[in-house]
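Here's the structure, in structure tokens; my notes come after.
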Amino acid sequence: MSLRVLLLIICFSGSCFAQDQGKRTNYTFEANAFYGSIILHNPDINHLITKHPEGLIFSYNRKTYGSEDWEQWYNYPDLGASFIFQRSNNPTLGDNLGLYAHFNFYFLKRNVQLRIGQGVSYATNPYDKIKNFRNNAYGTRMLSSTFLMLNYHKENIFEGLGFKAGFSVVHYSNANVKAPNTSTNTLALNAGLTYTLKHDEPDYIVREKTKITEPFKYNLVFRSGINESDVIGSGQFPFYIISAYADKRLGRKSAIQLGTDLFFSNFLKDLIRFQSISFPENEVAADTDYRRVGLFIGHELFINKLSIISQLGYYIYYPFDFEGKVYNRMGLKRYFGDKWFGTVSLKSHGAAAEAVEFGVGIRL
């Protein structure tokens with residue numbers, strides 16, 4: 001999972017930290033405490049929900065003022081990084097320490113802040129078949145983690161000090177890189193202080209809005225990674241995905257997509273063999289094809305050189321039944337020039353994750 005963090009750092013580094021001389025900018029620092037509950041999204045983790053988790057969130061933010069066009073499109077968001085320490089208060093589950101890159105978006109005259117963060121977390125006490133077999137939530141020490149914060153946010157109330165309060169959701173999962181992977185979701189109330197480095201902020205730059213139009217674009221993507229079935233100890237296997245799709249830009253922010261995926265999921269080979277031997281009542285033949293083909297529709301949200309993709313697919317070739325015919329994908333793309341991009345995404349069936357995908361593609 002460290003590769004995912006590396007890609008995220010690359011994604012954000014160009015827009016977060018590289019600045020030309022004379023750009024309008026400012027920085028804020030935050031410390032928040034939170035207290036909440038682990039949501040029972042799966043009855044298999046009922047034994048892990050014994051007490052209320054608590055923790056701290058430390059954050060750094062770089063404010064934007066419209067030096068680049070995209071900043072005005074999104075009401076001058078912040079870019080930054082967060083560190084989260086969560087104590088679960090359950091010795092079986094252990095604690096989590098996470099590092100994230102995030103965006104802050106503002107609403108209602110900048111009094112409401114929505115933060116979306118993605119990164120990696122370290123679990124102090126993951127599953128071990130001898131020492132900790134009851135922790136079926138985390139199969140690895142390194143976890144993928146996503147968090148959201150929706151807060152009342154008021155900066156620079158007195159000498160740079162401000163206040164924020166609201167609620168947060170933190171998700172921990174290894175995305176089926178290794179079983180078990182039941183995952184956890186923490187819903188919490190949070191409150192904290194902010195400090196603005198420059199008390200007198202620059203003015204926001206307002207430009208005349210320009211229309212962006214593009215012809216149809218054609219994309220080819222190769223994705224790969226490793227994952228494991230839900231059978232603990234069955235082993236990790238590589239997978240390969242080839243995707244081809246067309247997209248049409250609708251304006252400055254959005255494009256719609258239509259395409260196809262070809263899946264070579266080697267973990268299914270082993271799962272098919274296992275079911276054919278261990279569960280003959282399922283009538284699964286050992287030579288059942290492990291490959292799948294899907295059609296999908298999607299949406300791409302452009303944020304500078306970074307974009308967020310969301311896709312919904314349906315298998316049209318599906319010889320082996322695994323988690324149903326409908327699948328979805330959420331991910332990030334980072335463009336390098338006008339054509340080439342890197343991507344990291346999560347493929348799942350509803351809330352059941354199948355794989356974290358790392359890929360490279362071209363948009364023509």
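By order of appearance in the structure tokens: chains A, B, ..., then residues from 1 within every chain, and ligands from 1 in the order shown.
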
Output as JSON lines one row per residue of range 155-260 of chain A within 12 Å of range 92-98 of chain A: the closest atom pair and its distance in Å to one decimal place, counting only C-alpha atoms, sorted by chain and residue number ascending.
{"residue": "A:Val170", "atom": "CA", "partner": "A:Gly98", "partner_atom": "CA", "distance": 10.1}
{"residue": "A:His171", "atom": "CA", "partner": "A:Gly98", "partner_atom": "CA", "distance": 10.8}
{"residue": "A:Tyr172", "atom": "CA", "partner": "A:Asn96", "partner_atom": "CA", "distance": 8.8}
{"residue": "A:Ser173", "atom": "CA", "partner": "A:Asn96", "partner_atom": "CA", "distance": 11.3}
{"residue": "A:Thr182", "atom": "CA", "partner": "A:Leu93", "partner_atom": "CA", "distance": 11.8}
{"residue": "A:Ser183", "atom": "CA", "partner": "A:Leu93", "partner_atom": "CA", "distance": 10.6}
{"residue": "A:Thr184", "atom": "CA", "partner": "A:Leu93", "partner_atom": "CA", "distance": 9.8}
{"residue": "A:Thr186", "atom": "CA", "partner": "A:Asn96", "partner_atom": "CA", "distance": 11.5}

Considering only C-alpha atoms, return as a PyMOL selection string whatever protein or nucleic-acid residues lie within 10 Å of Gly166 in chain A, sequence-local ones (same chain, fewer than 5 positions apart) excluded. chain A and resi 34+112-113+149-153+188-192

Find the distance between CA of Ile116 in chain A and CA of Arg24 in chain A and write it in Å to one decimal.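 Separating CA of Ile116 in chain A from CA of Arg24 in chain A is a distance of 23.2 Å.
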
Please give the complete set of residues from range 2-192 of chain A that DSSP, run on the backbone, assigns to strand (DSSP E or B), formatted as number ranges by chain. A: 26-38, 54-63, 78-87, 96-107, 112-123, 128, 132, 142-158, 161-173, 184-192

Show me, as a tab-separated table, the residues of range 41-73 of chain A having an atom within 9 Å of range 117-136 of chain A, each with the closest atom pair and its distance in Å, using only C-alpha atoms.
residue	atom	partner	partner_atom	distance
A:Asp44	CA	A:Asn136	CA	7.8
A:Ile45	CA	A:Asn136	CA	7.1
A:His47	CA	A:Arg134	CA	8.3
A:Leu48	CA	A:Asn135	CA	7.5

Pick out the residues sitting within 9 Å of range 252-264 of chain A, and hand them over as a PyMOL selection string; count only C-alpha atoms, and ignore anything fewer than 5 positions along from it in its own chain. chain A and resi 70+73+210-213+219+238-247+290-303+311+313+315

Expected file contents, prior selection, N, CA and C atoms, as an mmCIF file, in the first residue's frame:
data_model
loop_
_atom_site.group_PDB
_atom_site.id
_atom_site.type_symbol
_atom_site.label_atom_id
_atom_site.label_comp_id
_atom_site.auth_asym_id
_atom_site.auth_seq_id
_atom_site.Cartn_x
_atom_site.Cartn_y
_atom_site.Cartn_z
ATOM 1 N N TRP A 70 -8.506 26.895 -12.195
ATOM 2 C CA TRP A 70 -9.278 25.849 -11.548
ATOM 3 C C TRP A 70 -9.625 26.202 -10.106
ATOM 4 N N TRP A 73 -12.904 27.871 -10.084
ATOM 5 C CA TRP A 73 -13.987 26.955 -10.415
ATOM 6 C C TRP A 73 -14.547 26.276 -9.174
ATOM 7 N N THR A 210 -14.298 31.113 -18.800
ATOM 8 C CA THR A 210 -14.109 30.699 -20.190
ATOM 9 C C THR A 210 -14.714 29.314 -20.402
ATOM 10 N N LYS A 211 -15.235 29.084 -21.581
ATOM 11 C CA LYS A 211 -15.848 27.807 -21.905
ATOM 12 C C LYS A 211 -14.797 26.847 -22.453
ATOM 13 N N ILE A 212 -14.800 25.602 -21.969
ATOM 14 C CA ILE A 212 -13.876 24.579 -22.440
ATOM 15 C C ILE A 212 -14.666 23.539 -23.232
ATOM 16 N N THR A 213 -14.270 23.338 -24.475
ATOM 17 C CA THR A 213 -14.902 22.318 -25.308
ATOM 18 C C THR A 213 -13.824 21.402 -25.879
ATOM 19 N N ASN A 219 -9.502 6.617 -24.656
ATOM 20 C CA ASN A 219 -8.569 6.270 -23.584
ATOM 21 C C ASN A 219 -8.251 4.784 -23.606
ATOM 22 N N PRO A 238 -1.395 -11.896 -8.706
ATOM 23 C CA PRO A 238 -1.473 -10.678 -9.528
ATOM 24 C C PRO A 238 -2.727 -10.674 -10.391
ATOM 25 N N PHE A 239 -3.194 -9.498 -10.731
ATOM 26 C CA PHE A 239 -4.297 -9.363 -11.685
ATOM 27 C C PHE A 239 -3.909 -8.308 -12.726
ATOM 28 N N TYR A 240 -4.574 -8.382 -13.875
ATOM 29 C CA TYR A 240 -4.301 -7.473 -14.983
ATOM 30 C C TYR A 240 -5.628 -7.056 -15.599
ATOM 31 N N ILE A 241 -5.760 -5.760 -15.882
ATOM 32 C CA ILE A 241 -7.003 -5.225 -16.442
ATOM 33 C C ILE A 241 -6.659 -4.320 -17.617
ATOM 34 N N ILE A 242 -7.315 -4.549 -18.723
ATOM 35 C CA ILE A 242 -7.178 -3.680 -19.891
ATOM 36 C C ILE A 242 -8.514 -2.979 -20.106
ATOM 37 N N SER A 243 -8.473 -1.648 -20.136
ATOM 38 C CA SER A 243 -9.698 -0.858 -20.289
ATOM 39 C C SER A 243 -9.581 0.044 -21.509
ATOM 40 N N ALA A 244 -10.664 0.159 -22.245
ATOM 41 C CA ALA A 244 -10.749 1.076 -23.380
ATOM 42 C C ALA A 244 -12.080 1.807 -23.286
ATOM 43 N N TYR A 245 -12.035 3.133 -23.388
ATOM 44 C CA TYR A 245 -13.281 3.884 -23.292
ATOM 45 C C TYR A 245 -13.157 5.231 -24.009
ATOM 46 N N ALA A 246 -14.311 5.759 -24.365
ATOM 47 C CA ALA A 246 -14.418 7.094 -24.942
ATOM 48 C C ALA A 246 -14.977 8.032 -23.884
ATOM 49 N N ASP A 247 -14.545 9.294 -23.944
ATOM 50 C CA ASP A 247 -15.132 10.279 -23.038
ATOM 51 C C ASP A 247 -15.445 11.563 -23.796
ATOM 52 N N TYR A 290 -11.747 -18.061 -15.675
ATOM 53 C CA TYR A 290 -11.601 -17.057 -14.613
ATOM 54 C C TYR A 290 -11.700 -15.626 -15.166
ATOM 55 N N ARG A 291 -11.712 -15.451 -16.457
ATOM 56 C CA ARG A 291 -11.738 -14.119 -17.054
ATOM 57 C C ARG A 291 -13.156 -13.548 -17.055
ATOM 58 N N ARG A 292 -13.215 -12.210 -17.074
ATOM 59 C CA ARG A 292 -14.498 -11.508 -17.111
ATOM 60 C C ARG A 292 -14.383 -10.316 -18.063
ATOM 61 N N VAL A 293 -15.515 -9.922 -18.645
ATOM 62 C CA VAL A 293 -15.584 -8.741 -19.504
ATOM 63 C C VAL A 293 -16.741 -7.883 -19.021
ATOM 64 N N GLY A 294 -16.497 -6.579 -18.863
ATOM 65 C CA GLY A 294 -17.541 -5.684 -18.390
ATOM 66 C C GLY A 294 -17.711 -4.468 -19.279
ATOM 67 N N LEU A 295 -18.912 -3.917 -19.295
ATOM 68 C CA LEU A 295 -19.196 -2.624 -19.902
ATOM 69 C C LEU A 295 -19.482 -1.627 -18.783
ATOM 70 N N PHE A 296 -19.038 -0.374 -18.947
ATOM 71 C CA PHE A 296 -19.256 0.595 -17.869
ATOM 72 C C PHE A 296 -19.578 1.978 -18.421
ATOM 73 N N ILE A 297 -20.272 2.733 -17.592
ATOM 74 C CA ILE A 297 -20.443 4.172 -17.804
ATOM 75 C C ILE A 297 -19.735 4.869 -16.665
ATOM 76 N N GLY A 298 -19.255 6.088 -16.901
ATOM 77 C CA GLY A 298 -18.489 6.745 -15.859
ATOM 78 C C GLY A 298 -18.526 8.256 -15.954
ATOM 79 N N HIS A 299 -17.911 8.867 -14.965
ATOM 80 C CA HIS A 299 -17.817 10.332 -14.871
ATOM 81 C C HIS A 299 -16.418 10.692 -14.410
ATOM 82 N N GLU A 300 -15.878 11.766 -14.974
ATOM 83 C CA GLU A 300 -14.567 12.262 -14.567
ATOM 84 C C GLU A 300 -14.697 13.715 -14.141
ATOM 85 N N LEU A 301 -14.216 14.019 -12.938
ATOM 86 C CA LEU A 301 -14.253 15.373 -12.391
ATOM 87 C C LEU A 301 -12.834 15.928 -12.417
ATOM 88 N N PHE A 302 -12.618 16.990 -13.209
ATOM 89 C CA PHE A 302 -11.284 17.554 -13.402
ATOM 90 C C PHE A 302 -10.981 18.604 -12.332
ATOM 91 N N ILE A 303 -9.838 18.436 -11.651
ATOM 92 C CA ILE A 303 -9.356 19.418 -10.671
ATOM 93 C C ILE A 303 -7.889 19.678 -10.994
ATOM 94 N N GLN A 311 -17.061 5.046 -11.814
ATOM 95 C CA GLN A 311 -17.571 4.203 -12.897
ATOM 96 C C GLN A 311 -18.482 3.125 -12.340
ATOM 97 N N GLY A 313 -20.185 -0.525 -13.646
ATOM 98 C CA GLY A 313 -20.071 -1.501 -14.717
ATOM 99 C C GLY A 313 -20.958 -2.714 -14.533
ATOM 100 N N TYR A 315 -20.969 -6.940 -15.910
ATOM 101 C CA TYR A 315 -20.256 -7.998 -16.634
ATOM 102 C C TYR A 315 -21.144 -8.584 -17.733
#

Which value, in Å to one decimal, gives the distance between CA of Leu312 in chain A and CA of Leu148 in chain A?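 Atom-to-atom, CA of Leu312 in chain A to CA of Leu148 in chain A, that is 22.2 Å.
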
Name the residues in contact with Glu323 in chain A at a cut-off of 12 Å, using only C-alpha atoms, excluding same-chain residues fewer than 5 positions from it; report them as number ranges by chain. A: 229-230, 268, 314-315, 318, 328, 347-354

So which one's closest to Glu201 in chain A, A:Phe105, A:Lys63, A:Phe222, A:Gly55? Using only C-alpha atoms, please.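 For Glu201 in chain A, the nearest of the given residues is A:Lys63.
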
Non-local contacts of Leu197 in chain A (10 Å; only C-alpha atoms; under 6 positions in same chain excluded) as a compact mmCIF listing (two decimals) with N, CA, C and O atoms, in the first residue's frame:
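Written output follows (around_34.txt):
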# COMPACT_ATOMS: atom_id res chain seq x y z
N ASN A 26 -1.43 31.47 1.44
CA ASN A 26 -1.43 31.56 2.89
C ASN A 26 -1.53 30.14 3.43
O ASN A 26 -1.89 29.21 2.69
N TYR A 27 -1.23 29.95 4.71
CA TYR A 27 -1.20 28.63 5.29
C TYR A 27 -1.96 28.62 6.61
O TYR A 27 -1.96 29.60 7.35
N THR A 28 -2.61 27.48 6.88
CA THR A 28 -3.27 27.28 8.16
C THR A 28 -2.82 25.95 8.76
O THR A 28 -2.46 25.02 8.03
N PHE A 29 -2.88 25.89 10.08
CA PHE A 29 -2.53 24.68 10.83
C PHE A 29 -3.67 24.37 11.78
O PHE A 29 -4.29 25.29 12.35
N ASN A 156 -9.41 32.83 11.96
CA ASN A 156 -8.91 34.16 12.32
C ASN A 156 -9.91 34.97 13.16
O ASN A 156 -10.18 36.14 12.90
N GLU A 159 -6.33 37.14 16.36
CA GLU A 159 -4.89 37.00 16.14
C GLU A 159 -4.53 35.69 15.45
O GLU A 159 -3.59 35.01 15.84
N GLY A 160 -5.29 35.37 14.41
CA GLY A 160 -4.99 34.17 13.64
C GLY A 160 -5.65 32.90 14.14
O GLY A 160 -5.68 31.89 13.42
N LEU A 161 -6.15 32.90 15.37
CA LEU A 161 -6.78 31.71 15.93
C LEU A 161 -8.24 31.59 15.47
O LEU A 161 -8.96 32.60 15.41
